[in-house]
Each structure stands twice: as structure tokens, then as C-alpha cells.
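One file, start_30.pdb, carrying PDB, C-alpha atoms:
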```
ATOM      1  CA  MET A   1       4.123   6.143  12.666
ATOM      2  CA  GLN A   2       2.063   6.967   9.607
ATOM      3  CA  PHE A   3       4.177   7.983   6.612
ATOM      4  CA  LEU A   4       2.655   9.606   3.557
ATOM      5  CA  THR A   5       3.600  11.573   0.453
ATOM      6  CA  PHE A   6       1.783  14.795  -0.396
ATOM      7  CA  LEU A   7       1.737  17.829  -2.640
ATOM      8  CA  THR A   8       1.573  21.312  -1.125
ATOM      9  CA  THR A   9      -0.579  24.048  -2.654
ATOM     10  CA  GLU A  10       2.586  25.286  -4.363
ATOM     11  CA  GLY A  11       2.986  21.878  -6.009
ATOM     12  CA  ASN A  12       5.972  20.754  -3.942
ATOM     13  CA  GLU A  13       6.134  17.031  -3.236
ATOM     14  CA  LYS A  14       7.103  16.065   0.318
ATOM     15  CA  VAL A  15       7.252  13.016   2.544
ATOM     16  CA  GLY A  16       5.572  13.486   5.886
ATOM     17  CA  LEU A  17       4.170  11.987   9.046
ATOM     18  CA  ARG A  18       0.499  12.218   9.960
ATOM     19  CA  ASP A  19      -0.953  12.961  13.383
ATOM     20  CA  GLY A  20      -4.726  13.176  13.134
ATOM     21  CA  ARG A  21      -5.437  15.925  10.606
ATOM     22  CA  ASP A  22      -1.936  17.388  10.905
ATOM     23  CA  ILE A  23       0.864  16.445   8.523
ATOM     24  CA  TYR A  24       4.496  17.204   9.344
ATOM     25  CA  SER A  25       6.912  17.645   6.433
ATOM     26  CA  LEU A  26      10.072  15.642   7.097
ATOM     27  CA  PRO A  27      12.293  17.575   4.631
ATOM     28  CA  ASP A  28      11.480  20.681   6.708
ATOM     29  CA  LEU A  29      11.301  19.108  10.154
ATOM     30  CA  ILE A  30      14.592  17.196  10.195
ATOM     31  CA  PRO A  31      16.875  20.201   9.434
ATOM     32  CA  LEU A  32      15.025  22.194  12.102
ATOM     33  CA  PHE A  33      15.395  19.342  14.592
ATOM     34  CA  ASN A  34      19.115  19.091  13.825
ATOM     35  CA  LYS A  35      19.565  22.834  14.311
ATOM     36  CA  LYS A  36      17.569  23.073  17.538
ATOM     37  CA  GLN A  37      18.802  19.874  19.132
ATOM     38  CA  GLY A  38      22.347  19.665  17.769
ATOM     39  CA  LYS A  39      21.620  16.387  16.007
ATOM     40  CA  LYS A  40      22.845  14.973  12.701
ATOM     41  CA  VAL A  41      19.831  13.098  11.362
ATOM     42  CA  GLU A  42      20.268  12.484   7.640
ATOM     43  CA  PRO A  43      17.886  14.463   5.415
ATOM     44  CA  VAL A  44      15.223  12.524   3.524
ATOM     45  CA  GLU A  45      13.716  13.184   0.111
ATOM     46  CA  ASP A  46      10.977  10.550   0.019
ATOM     47  CA  LEU A  47       9.769   7.479   1.893
ATOM     48  CA  VAL A  48      12.040   5.125  -0.032
ATOM     49  CA  SER A  49      15.040   7.157   1.177
ATOM     50  CA  VAL A  50      13.773   6.868   4.768
ATOM     51  CA  ILE A  51      13.638   3.100   4.358
ATOM     52  CA  GLN A  52      16.921   2.779   2.478
ATOM     53  CA  LYS A  53      18.880   4.834   5.004
ATOM     54  CA  ASN A  54      17.513   2.669   7.820
ATOM     55  CA  ASN A  55      17.236   5.715  10.083
ATOM     56  CA  LEU A  56      13.725   5.118  11.359
ATOM     57  CA  SER A  57      14.767   5.494  15.010
ATOM     58  CA  ALA A  58      16.323   8.902  14.290
ATOM     59  CA  VAL A  59      13.234  10.020  12.370
ATOM     60  CA  LYS A  60      11.096   8.848  15.281
ATOM     61  CA  GLU A  61      13.184  10.933  17.683
ATOM     62  CA  ALA A  62      12.648  14.025  15.513
ATOM     63  CA  TRP A  63       8.948  13.236  15.276
ATOM     64  CA  GLU A  64       8.503  12.905  19.035
ATOM     65  CA  TRP A  65      10.347  16.203  19.519
ATOM     66  CA  ALA A  66       7.993  17.868  17.024
ATOM     67  CA  LEU A  67       4.889  16.645  18.817
ATOM     68  CA  ALA A  68       6.230  18.066  22.087
ATOM     69  CA  ASN A  69       7.205  21.421  20.528
ATOM     70  CA  GLU A  70       4.339  22.341  18.239
ATOM     71  CA  GLU A  71       4.977  26.079  18.258
ATOM     72  CA  GLU A  72       8.591  25.664  17.177
ATOM     73  CA  VAL A  73       7.633  23.409  14.258
ATOM     74  CA  SER A  74       4.532  25.260  13.044
ATOM     75  CA  ALA A  75       6.245  26.074   9.728
ATOM     76  CA  CYS A  76       6.698  22.347   9.101
ATOM     77  CA  LYS A  77       3.037  21.502   9.681
ATOM     78  CA  TYR A  78       0.189  21.253   7.158
ATOM     79  CA  ASN A  79      -3.515  20.603   7.546
ATOM     80  CA  SER A  80      -4.551  17.494   5.639
ATOM     81  CA  ALA A  81      -7.382  19.465   4.004
ATOM     82  CA  ASP A  82      -4.811  21.748   2.352
ATOM     83  CA  VAL A  83      -2.670  19.105   0.665
ATOM     84  CA  GLN A  84      -3.099  16.463  -2.022
ATOM     85  CA  LEU A  85      -2.084  12.954  -1.078
ATOM     86  CA  LYS A  86       0.005  10.915  -3.493
ATOM     87  CA  GLU A  87       0.929   7.254  -3.372
ATOM     88  CA  PRO A  88       3.132   6.980  -0.269
ATOM     89  CA  LEU A  89       5.810   5.001  -2.134
ATOM     90  CA  ARG A  90       6.430   6.800  -5.408
ATOM     91  CA  HIS A  91       8.867   4.494  -7.210
ATOM     92  CA  PRO A  92       9.176   1.058  -5.581
ATOM     93  CA  GLY A  93      11.558  -1.262  -7.380
ATOM     94  CA  LYS A  94       9.145  -4.209  -7.273
ATOM     95  CA  VAL A  95       5.376  -4.545  -6.998
ATOM     96  CA  VAL A  96       4.899  -8.255  -6.260
ATOM     97  CA  CYS A  97       1.415  -9.733  -5.950
ATOM     98  CA  VAL A  98       0.023 -13.009  -4.623
ATOM     99  CA  GLY A  99      -3.034 -14.537  -6.315
ATOM    100  CA  ASN A 100      -5.712 -16.776  -4.810
ATOM    101  CA  ASN A 101      -4.392 -16.289  -1.285
ATOM    102  CA  TYR A 102      -7.676 -16.213   0.655
ATOM    103  CA  MET A 103      -9.654 -19.368   1.399
ATOM    104  CA  ASP A 104     -12.936 -17.521   0.858
ATOM    105  CA  HIS A 105     -11.715 -16.275  -2.551
ATOM    106  CA  CYS A 106     -10.865 -19.846  -3.582
ATOM    107  CA  ARG A 107     -14.298 -21.028  -2.464
ATOM    108  CA  GLU A 108     -16.117 -18.414  -4.541
ATOM    109  CA  GLN A 109     -14.208 -19.665  -7.617
ATOM    110  CA  ASN A 110     -14.829 -23.307  -6.700
ATOM    111  CA  VAL A 111     -11.106 -24.046  -6.949
ATOM    112  CA  GLU A 112      -8.696 -25.847  -4.669
ATOM    113  CA  PRO A 113      -6.347 -23.576  -2.710
ATOM    114  CA  PRO A 114      -2.902 -23.405  -4.333
ATOM    115  CA  LYS A 115      -0.135 -25.626  -2.993
ATOM    116  CA  LYS A 116       2.413 -22.827  -3.502
ATOM    117  CA  PRO A 117       1.908 -19.068  -3.756
ATOM    118  CA  MET A 118       0.677 -17.857  -7.158
ATOM    119  CA  ILE A 119       2.920 -14.922  -8.005
ATOM    120  CA  PHE A 120       2.537 -12.125 -10.550
ATOM    121  CA  SER A 121       3.626  -8.515 -10.764
ATOM    122  CA  LYS A 122       2.304  -5.073 -11.603
ATOM    123  CA  TRP A 123       4.352  -2.258 -13.098
ATOM    124  CA  ALA A 124       5.144   0.495 -10.622
ATOM    125  CA  SER A 125       3.955   3.018 -13.225
ATOM    126  CA  CYS A 126       0.335   2.106 -12.463
ATOM    127  CA  LEU A 127       0.512   3.334  -8.847
ATOM    128  CA  ILE A 128      -1.700   6.270  -7.866
ATOM    129  CA  GLY A 129      -2.618   7.802  -4.522
ATOM    130  CA  ASP A 130      -5.666   8.289  -2.346
ATOM    131  CA  GLY A 131      -8.117  10.594  -4.118
ATOM    132  CA  ASP A 132      -6.629  10.032  -7.579
ATOM    133  CA  THR A 133      -8.819   8.729 -10.396
ATOM    134  CA  ILE A 134      -8.910   5.171 -11.706
ATOM    135  CA  GLU A 135      -9.066   5.477 -15.493
ATOM    136  CA  LEU A 136     -10.970   2.838 -17.459
ATOM    137  CA  PRO A 137      -9.120   1.696 -20.612
ATOM    138  CA  GLU A 138     -11.126   1.699 -23.826
ATOM    139  CA  GLU A 139     -10.122  -1.864 -24.700
ATOM    140  CA  SER A 140     -11.635  -3.390 -21.536
ATOM    141  CA  SER A 141     -15.257  -3.715 -20.454
ATOM    142  CA  GLN A 142     -14.494  -5.854 -17.374
ATOM    143  CA  VAL A 143     -12.474  -3.745 -14.940
ATOM    144  CA  ASP A 144     -12.578  -5.291 -11.481
ATOM    145  CA  TYR A 145     -11.564  -4.252  -7.930
ATOM    146  CA  GLU A 146      -9.493  -6.093  -5.284
ATOM    147  CA  VAL A 147      -8.655  -4.859  -1.775
ATOM    148  CA  GLU A 148      -5.264  -6.122  -0.553
ATOM    149  CA  LEU A 149      -3.104  -5.812   2.543
ATOM    150  CA  THR A 150       0.282  -4.731   1.229
ATOM    151  CA  VAL A 151       3.657  -5.282   2.878
ATOM    152  CA  VAL A 152       6.494  -2.764   2.552
ATOM    153  CA  ILE A 153       9.976  -4.301   2.671
ATOM    154  CA  GLY A 154      12.398  -2.532   5.013
ATOM    155  CA  LYS A 155      15.811  -3.945   4.114
ATOM    156  CA  THR A 156      17.567  -6.132   1.573
ATOM    157  CA  ALA A 157      16.240  -9.688   1.846
ATOM    158  CA  ARG A 158      17.760 -12.772   0.199
ATOM    159  CA  ASN A 159      17.365 -16.386   1.359
ATOM    160  CA  VAL A 160      15.398 -15.295   4.408
ATOM    161  CA  SER A 161      13.938 -17.890   6.777
ATOM    162  CA  GLU A 162      10.316 -17.754   7.917
ATOM    163  CA  GLU A 163      11.501 -17.208  11.486
ATOM    164  CA  GLU A 164      13.384 -14.023  10.593
ATOM    165  CA  ALA A 165      11.136 -12.777   7.776
ATOM    166  CA  MET A 166       9.204 -10.217   9.843
ATOM    167  CA  ASP A 167      12.500  -8.488  10.659
ATOM    168  CA  TYR A 168      12.533  -7.384   7.007
ATOM    169  CA  VAL A 169       9.115  -5.706   7.118
ATOM    170  CA  PHE A 170       9.025  -1.905   7.360
ATOM    171  CA  GLY A 171       5.269  -1.508   7.465
ATOM    172  CA  TYR A 172       1.913  -1.949   5.770
ATOM    173  CA  THR A 173      -0.427  -0.138   3.434
ATOM    174  CA  ILE A 174      -3.515  -0.784   1.276
ATOM    175  CA  MET A 175      -3.619  -1.486  -2.454
ATOM    176  CA  ASN A 176      -6.510  -1.841  -4.882
ATOM    177  CA  ASP A 177      -5.350  -4.457  -7.379
ATOM    178  CA  VAL A 178      -7.510  -3.133 -10.216
ATOM    179  CA  SER A 179      -7.728  -5.715 -13.007
ATOM    180  CA  ALA A 180      -9.009  -5.720 -16.596
ATOM    181  CA  ARG A 181     -10.385  -9.256 -16.459
ATOM    182  CA  ASP A 182     -11.030  -9.689 -20.188
ATOM    183  CA  VAL A 183      -7.467  -8.625 -21.008
ATOM    184  CA  GLN A 184      -6.036 -10.623 -18.096
ATOM    185  CA  PHE A 185      -7.659 -13.895 -19.134
ATOM    186  CA  GLU A 186      -7.094 -13.431 -22.873
ATOM    187  CA  ASP A 187      -3.377 -12.772 -22.366
ATOM    188  CA  VAL A 188      -2.954 -15.748 -19.977
ATOM    189  CA  GLN A 189       0.027 -13.840 -18.545
ATOM    190  CA  TRP A 190      -1.597 -11.370 -16.159
ATOM    191  CA  VAL A 191       0.793  -8.421 -16.063
ATOM    192  CA  ARG A 192      -0.780  -6.313 -18.871
ATOM    193  CA  GLY A 193      -4.337  -6.666 -17.610
ATOM    194  CA  LYS A 194      -3.147  -5.780 -14.120
ATOM    195  CA  SER A 195      -0.875  -2.866 -15.043
ATOM    196  CA  TYR A 196      -2.812  -0.270 -16.976
ATOM    197  CA  ASP A 197      -1.998   3.230 -15.794
ATOM    198  CA  THR A 198      -3.885   4.009 -12.523
ATOM    199  CA  PHE A 199      -4.544   0.300 -11.817
ATOM    200  CA  ALA A 200      -2.811   0.272  -8.412
ATOM    201  CA  PRO A 201      -4.215   2.839  -5.982
ATOM    202  CA  LEU A 202      -1.951   2.730  -2.903
ATOM    203  CA  GLY A 203      -2.193   4.333   0.516
ATOM    204  CA  PRO A 204      -3.285   6.523   2.077
ATOM    205  CA  VAL A 205      -0.325   5.911   4.410
ATOM    206  CA  VAL A 206       2.401   3.398   5.127
ATOM    207  CA  ILE A 207       2.047   2.507   8.776
ATOM    208  CA  THR A 208       5.119   1.133  10.533
ATOM    209  CA  LYS A 209       4.909  -2.489  11.626
ATOM    210  CA  ASP A 210       5.100  -1.639  15.340
ATOM    211  CA  GLU A 211       1.646  -0.044  15.010
ATOM    212  CA  ILE A 212       0.042  -3.321  13.866
ATOM    213  CA  GLN A 213      -0.131  -5.945  16.598
ATOM    214  CA  ASP A 214      -1.065  -8.826  14.274
ATOM    215  CA  PRO A 215      -1.213  -8.328  10.489
ATOM    216  CA  HIS A 216      -2.956 -11.692  10.235
ATOM    217  CA  ASN A 217      -6.027 -10.546  12.163
ATOM    218  CA  LEU A 218      -7.259  -7.368  10.486
ATOM    219  CA  LYS A 219     -10.708  -6.580   9.132
ATOM    220  CA  ILE A 220     -10.490  -5.943   5.390
ATOM    221  CA  SER A 221     -13.291  -4.636   3.165
ATOM    222  CA  LEU A 222     -14.188  -2.803  -0.033
ATOM    223  CA  GLU A 223     -17.240  -0.794  -1.035
ATOM    224  CA  VAL A 224     -18.336   0.458  -4.433
ATOM    225  CA  ASN A 225     -20.748   3.386  -4.242
ATOM    226  CA  GLY A 226     -21.421   2.592  -0.589
ATOM    227  CA  GLU A 227     -22.276  -1.076  -1.184
ATOM    228  CA  LYS A 228     -19.965  -3.455   0.651
ATOM    229  CA  LEU A 229     -18.768  -6.051  -1.850
ATOM    230  CA  GLN A 230     -15.745  -7.484  -0.032
ATOM    231  CA  ASP A 231     -15.758  -8.147   3.709
ATOM    232  CA  SER A 232     -13.274 -10.508   5.330
ATOM    233  CA  ASN A 233     -10.312 -10.767   7.679
ATOM    234  CA  THR A 234      -6.617 -11.275   6.991
ATOM    235  CA  SER A 235      -6.823 -14.359   9.202
ATOM    236  CA  ASN A 236      -8.144 -16.042   6.032
ATOM    237  CA  LEU A 237      -4.810 -15.664   4.249
ATOM    238  CA  ILE A 238      -3.615 -19.056   3.005
ATOM    239  CA  PHE A 239       0.074 -18.154   2.887
ATOM    240  CA  LYS A 240       1.077 -15.840   5.724
ATOM    241  CA  ILE A 241       3.483 -12.927   5.367
ATOM    242  CA  PRO A 242       6.588 -14.685   6.795
ATOM    243  CA  TYR A 243       6.129 -17.604   4.410
ATOM    244  CA  ILE A 244       5.605 -15.318   1.397
ATOM    245  CA  ILE A 245       8.754 -13.304   2.120
ATOM    246  CA  SER A 246      10.834 -16.416   2.764
ATOM    247  CA  TYR A 247       9.471 -18.261  -0.277
ATOM    248  CA  LEU A 248      10.093 -15.391  -2.677
ATOM    249  CA  SER A 249      13.482 -14.425  -1.260
ATOM    250  CA  GLN A 250      14.846 -17.832  -2.189
ATOM    251  CA  GLY A 251      14.519 -16.822  -5.828
ATOM    252  CA  PHE A 252      15.162 -13.092  -5.952
ATOM    253  CA  THR A 253      16.397 -10.278  -3.764
ATOM    254  CA  PHE A 254      13.994  -7.835  -2.170
ATOM    255  CA  GLU A 255      15.236  -4.267  -1.853
ATOM    256  CA  PRO A 256      14.124  -1.610   0.651
ATOM    257  CA  GLY A 257      10.858  -0.070  -0.512
ATOM    258  CA  ASP A 258       9.656  -3.075  -2.536
ATOM    259  CA  ILE A 259       6.024  -3.991  -1.895
ATOM    260  CA  ILE A 260       4.070  -7.238  -1.735
ATOM    261  CA  ALA A 261       0.299  -7.262  -2.200
ATOM    262  CA  THR A 262      -0.821 -10.333  -0.274
ATOM    263  CA  GLY A 263      -4.041 -11.217  -2.113
ATOM    264  CA  THR A 264      -7.729 -10.363  -2.035
ATOM    265  CA  PRO A 265     -10.710 -11.942  -0.250
ATOM    266  CA  HIS A 266     -14.018 -13.071  -1.746
ATOM    267  CA  GLY A 267     -16.468 -10.701  -3.382
ATOM    268  CA  VAL A 268     -14.621  -9.588  -6.514
ATOM    269  CA  GLY A 269     -16.844  -8.597  -9.409
ATOM    270  CA  VAL A 270     -15.907 -11.241 -11.961
ATOM    271  CA  PHE A 271     -17.073 -14.123  -9.766
ATOM    272  CA  ARG A 272     -20.382 -12.555  -8.730
ATOM    273  CA  ASP A 273     -23.714 -13.540 -10.239
ATOM    274  CA  PRO A 274     -24.515 -11.242 -11.894
ATOM    275  CA  GLN A 275     -21.006  -9.913 -12.457
ATOM    276  CA  ILE A 276     -20.121  -6.399 -11.281
ATOM    277  CA  PHE A 277     -17.493  -4.306 -13.042
ATOM    278  CA  LEU A 278     -16.374  -0.755 -12.430
ATOM    279  CA  LYS A 279     -17.940   1.996 -14.513
ATOM    280  CA  SER A 280     -17.375   5.705 -14.909
ATOM    281  CA  GLY A 281     -18.720   7.621 -11.906
ATOM    282  CA  ASP A 282     -18.165   4.819  -9.404
ATOM    283  CA  THR A 283     -16.327   5.336  -6.117
ATOM    284  CA  CYS A 284     -14.166   2.614  -4.535
ATOM    285  CA  ARG A 285     -13.570   2.744  -0.784
ATOM    286  CA  LEU A 286     -11.121   0.285   0.762
ATOM    287  CA  ASP A 287     -10.675  -0.198   4.515
ATOM    288  CA  ILE A 288      -8.161  -2.228   6.466
ATOM    289  CA  GLU A 289      -8.286  -2.172  10.241
ATOM    290  CA  GLY A 290      -5.441  -0.208  11.792
ATOM    291  CA  ILE A 291      -4.260   1.266   8.490
ATOM    292  CA  GLY A 292      -7.073   3.464   7.234
ATOM    293  CA  THR A 293      -9.232   4.152   4.198
ATOM    294  CA  LEU A 294      -8.202   4.386   0.544
ATOM    295  CA  GLU A 295     -10.766   6.017  -1.736
ATOM    296  CA  ASN A 296     -10.726   6.614  -5.496
ATOM    297  CA  ASN A 297     -13.231   7.674  -8.100
ATOM    298  CA  VAL A 298     -13.540   5.872 -11.436
ATOM    299  CA  GLN A 299     -13.616   7.566 -14.805
TER
END
```
I'd like the structure from this file rewritten - as C-alpha cells, please.
Amino acid sequence: MQFLTFLTTEGNEKVGLRDGRDIYSLPDLIPLFNKKQGKKVEPVEDLVSVIQKNNLSAVKEAWEWALANEEEVSACKYNSADVQLKEPLRHPGKVVCVGNNYMDHCREQNVEPPKKPMIFSKWASCLIGDGDTIELPEESSQVDYEVELTVVIGKTARNVSEEEAMDYVFGYTIMNDVSARDVQFEDVQWVRGKSYDTFAPLGPVVITKDEIQDPHNLKISLEVNGEKLQDSNTSNLIFKIPYIISYLSQGFTFEPGDIIATGTPHGVGVFRDPQIFLKSGDTCRLDIEGIGTLENNVQ
């Protein structure tokens, strides 16, 4: 299932499910399903509440009923051209990121791969959605792009083993780990240079893990103004998703709706010769196989 968050033309924010160009509003669909089918599926306000309530199977039942009864649910359905997408997860508790986690990215820097995951964070306030604008801060002249496969945590995780780690995954999405390189390297600590407002485009959807056969074998790429600058495969991840979840959960507790950006492949602007940095008027397009396309303009 493909979950997303959107704004209607009236400005109402809703969580929905996407089927092609059609989007079904869950706050509208679930009460209708309960009424028509005599069910008691809990209402949902946003995607985090779907995850926290752990009622994915019930939501799936309502969704399958909707697809089989399109006329009855027409009032719950929107055309994707008539809505504005937002970041699918509006207020995750944690945005955890892994640095230098692709072999090809290490090679382009001429550095040894890390022995343990390099961990940093971004503030959740920098999240934006598909179609929103990346805003360039005045104090940086070196704003860079990074396409990343991002894991959405599905339930509370503490001291999780590698063998059971995938049981704690709800799904996957795409994040652009936008980075002010000059600020990042001057500060030494990365969080400020990584967390300017709009520096974490996310989406367009969160796709449930059952839709992805192998998250470690997905094509991953990024284009700026139609020029492909990053082109790799998640098979090049140094530390795989189960290890990352297990490793981090030994130190802190993951909560439902937390996200982990798993790292970026080679081709980032700062390590190119000549260097490439984002400028006003640019368009970033990120693609990950099986998940979709995330696109944002730069201003």
C-alpha cells in the first residue's frame, strides 16, 4: 500500500492511500467502511497514527473494500492532480541518518569504509513534501543534494537483534538529505548544516514493506535539471537495514513513525570536479525503484 499526506483544495490535510492517479482519504473512508460493513476500525488522523495504532491489517481490509466498491466510496476519492502532496510523515519523533554508507561514495572521497555506522540527525522541522521548494540559506554557497532510501519504523524497538529487525519496519520512502557543506564542515557537528528549513524533502509516499521484495537491491538515482548525477543500487549499502536498526536500538529506543535515512551513493556535488552545488531555479528529481519519484524545485 502507498500511504501519503495531502491537502485538499479547501486546505484540509488528510492521510490517504494512492491507487494510480486516485487518492482515497482514510479519515473519510474508514467511517464509511465501518458504517457499511458493520466494522469498528479505529479512525486515523495521520500516517503516524496509522503506525502507532498498529491497525494496518484493518486499514488494508477497508482499502480492499473501497477498491471493489468504487461507486460507494466516490466521495472519499480525489484525483492526484487536484491535491497538493505534503511530506507523508508530518512529525516523526526522530530523523536518524547514516553517513558514508555506500562503497561507491567512500571511493569517490578516497576514504576507507567506516568500521561502524556514522550516525547523525536532522531536525524534523526541515521536512517538506514532493513539489515543495528547497530554500537556499543566505549564509551558504555550497548546498548539496543526496538521494537516500529511508526506512519507516513500525513499532517500538529497543535491543533488537539483526534477525528480528525487519519485523520493526513499517515501510520505505525517499529523502533528499540536502546539506550546506560549508556550514557542515565548519561546524564539525553536522546537524545545523543538515537541518535548515526545507533541507529534507520526503516522499512522495511511504510504501509498506510487503511491496518491496528486497530493499537491498533497488535502483537509486538523482537528477538535477535532467542531468543524472547519482546512479547506483542499494546493494552497495555497507551496513544493511537489519544491522542499522539493531545497532542503533542498543543505544536508544525507536518509536513508531521514526525514520532512518540509510545513506547516499556516489555523485554528490561536493566531491565532483568541478564541484556542483544547487542554485536557484534548479530542479531535483530523485528516483528509487519500487517507491517512486520525489521532485522539488530550488529557490
>> Taking the file as I've supplied it (selection: the PyMOL selection byres ((chain A and resi 6) around 12)), which residues are included? Please answer as number ranges by chain.
In response: A: 3-5, 7-18, 23-27, 46-47, 78-90, 128-131, 203-205
>> Can you spell out as a list in words the set of residues that the PyMOL selection byres ((chain A and resi 219) around 7) selects in the structure I just provided?
In response: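 What the PyMOL selection byres ((chain A and resi 219) around 7) grabs from the file is Asn217, Leu218, Ile220, Ser221, Ser232, Asn233, Thr234, Ile288 and Glu289 of chain A.
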Set the distance at 12 Å and use only C-alpha atoms: which residues neighbour region 30-39 of chain A once local chain neighbours fewer than 3 positions away are removed? I'd like the list as a PDB file with C-alpha atoms, in the coordinates of the input.
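Saved to around.pdb:
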```pdb
ATOM      1  CA  VAL A  15       7.252  13.016   2.544  1.00  0.00           C
ATOM      2  CA  GLY A  16       5.572  13.486   5.886  1.00  0.00           C
ATOM      3  CA  LEU A  17       4.170  11.987   9.046  1.00  0.00           C
ATOM      4  CA  TYR A  24       4.496  17.204   9.344  1.00  0.00           C
ATOM      5  CA  SER A  25       6.912  17.645   6.433  1.00  0.00           C
ATOM      6  CA  LEU A  26      10.072  15.642   7.097  1.00  0.00           C
ATOM      7  CA  PRO A  27      12.293  17.575   4.631  1.00  0.00           C
ATOM      8  CA  GLU A  42      20.268  12.484   7.640  1.00  0.00           C
ATOM      9  CA  PRO A  43      17.886  14.463   5.415  1.00  0.00           C
ATOM     10  CA  VAL A  44      15.223  12.524   3.524  1.00  0.00           C
ATOM     11  CA  GLU A  45      13.716  13.184   0.111  1.00  0.00           C
ATOM     12  CA  VAL A  50      13.773   6.868   4.768  1.00  0.00           C
ATOM     13  CA  ASN A  55      17.236   5.715  10.083  1.00  0.00           C
ATOM     14  CA  ALA A  58      16.323   8.902  14.290  1.00  0.00           C
ATOM     15  CA  VAL A  59      13.234  10.020  12.370  1.00  0.00           C
ATOM     16  CA  LYS A  60      11.096   8.848  15.281  1.00  0.00           C
ATOM     17  CA  GLU A  61      13.184  10.933  17.683  1.00  0.00           C
ATOM     18  CA  ALA A  62      12.648  14.025  15.513  1.00  0.00           C
ATOM     19  CA  TRP A  63       8.948  13.236  15.276  1.00  0.00           C
ATOM     20  CA  GLU A  64       8.503  12.905  19.035  1.00  0.00           C
ATOM     21  CA  TRP A  65      10.347  16.203  19.519  1.00  0.00           C
ATOM     22  CA  ALA A  66       7.993  17.868  17.024  1.00  0.00           C
ATOM     23  CA  LEU A  67       4.889  16.645  18.817  1.00  0.00           C
ATOM     24  CA  ALA A  68       6.230  18.066  22.087  1.00  0.00           C
ATOM     25  CA  ASN A  69       7.205  21.421  20.528  1.00  0.00           C
ATOM     26  CA  GLU A  72       8.591  25.664  17.177  1.00  0.00           C
ATOM     27  CA  VAL A  73       7.633  23.409  14.258  1.00  0.00           C
ATOM     28  CA  SER A  74       4.532  25.260  13.044  1.00  0.00           C
ATOM     29  CA  ALA A  75       6.245  26.074   9.728  1.00  0.00           C
ATOM     30  CA  CYS A  76       6.698  22.347   9.101  1.00  0.00           C
TER      31      CYS A  76
END
```
> So which residues get picked by the PyMOL selection byres ((chain A and resi 271) around 12) here, written as a list of chain:residue names?
Replying inline: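 When the PyMOL selection byres ((chain A and resi 271) around 12) is applied to the shown file, the picked residues are A:Asp104, A:His105, A:Cys106, A:Arg107, A:Glu108, A:Gln109, A:Asn110, A:Val111, A:Gln142, A:Asp144, A:Tyr145, A:Glu146, A:Arg181, A:Leu229, A:Gln230, A:Pro265, A:His266, A:Gly267, A:Val268, A:Gly269, A:Val270, A:Arg272, A:Asp273, A:Pro274, A:Gln275, A:Ile276, A:Phe277.
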>> Env of region 165-179 of chain A: 8 Å cut, atoms = all atoms listed in the file, seq-sep filter 4 positions within chain, self excluded. Answer as a PyMOL selection string.
In response: chain A and resi 51+143-157+160-161+184+193-195+199-210+241-243+245-246+261+286-288+291+294
>> Nearest residue to Val96 (chain A) out of A:Phe185, A:Tyr196, A:Phe239, A:Phe254, using all atoms listed in the file?
In response: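 Nearest candidate to Val96 (chain A) out of A:Phe185, A:Tyr196, A:Phe239, A:Phe254: A:Phe254.
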> Quick one, how far is CA of Thr283 (chain A) from CA of Trp123 (chain A)?
Replying inline: 23.1 Å
> Do you have the CA of Met1 (chain A)-CA of Leu56 (chain A) distance handy?
Replying inline: 9.7 Å
> How many Å lie between CA of Lys116 (chain A) and CA of Ser249 (chain A), rounded to one decimal?
Replying inline: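 So the answer is 14.1 Å.
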>> Just checking: using all atoms listed in the file, which residue out of A:Asn54, A:Ser140, A:Asn225, A:Asn159 ends up closest to Val183 (chain A)?
In response: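 So, comparing all the options, the nearest one is A:Ser140.
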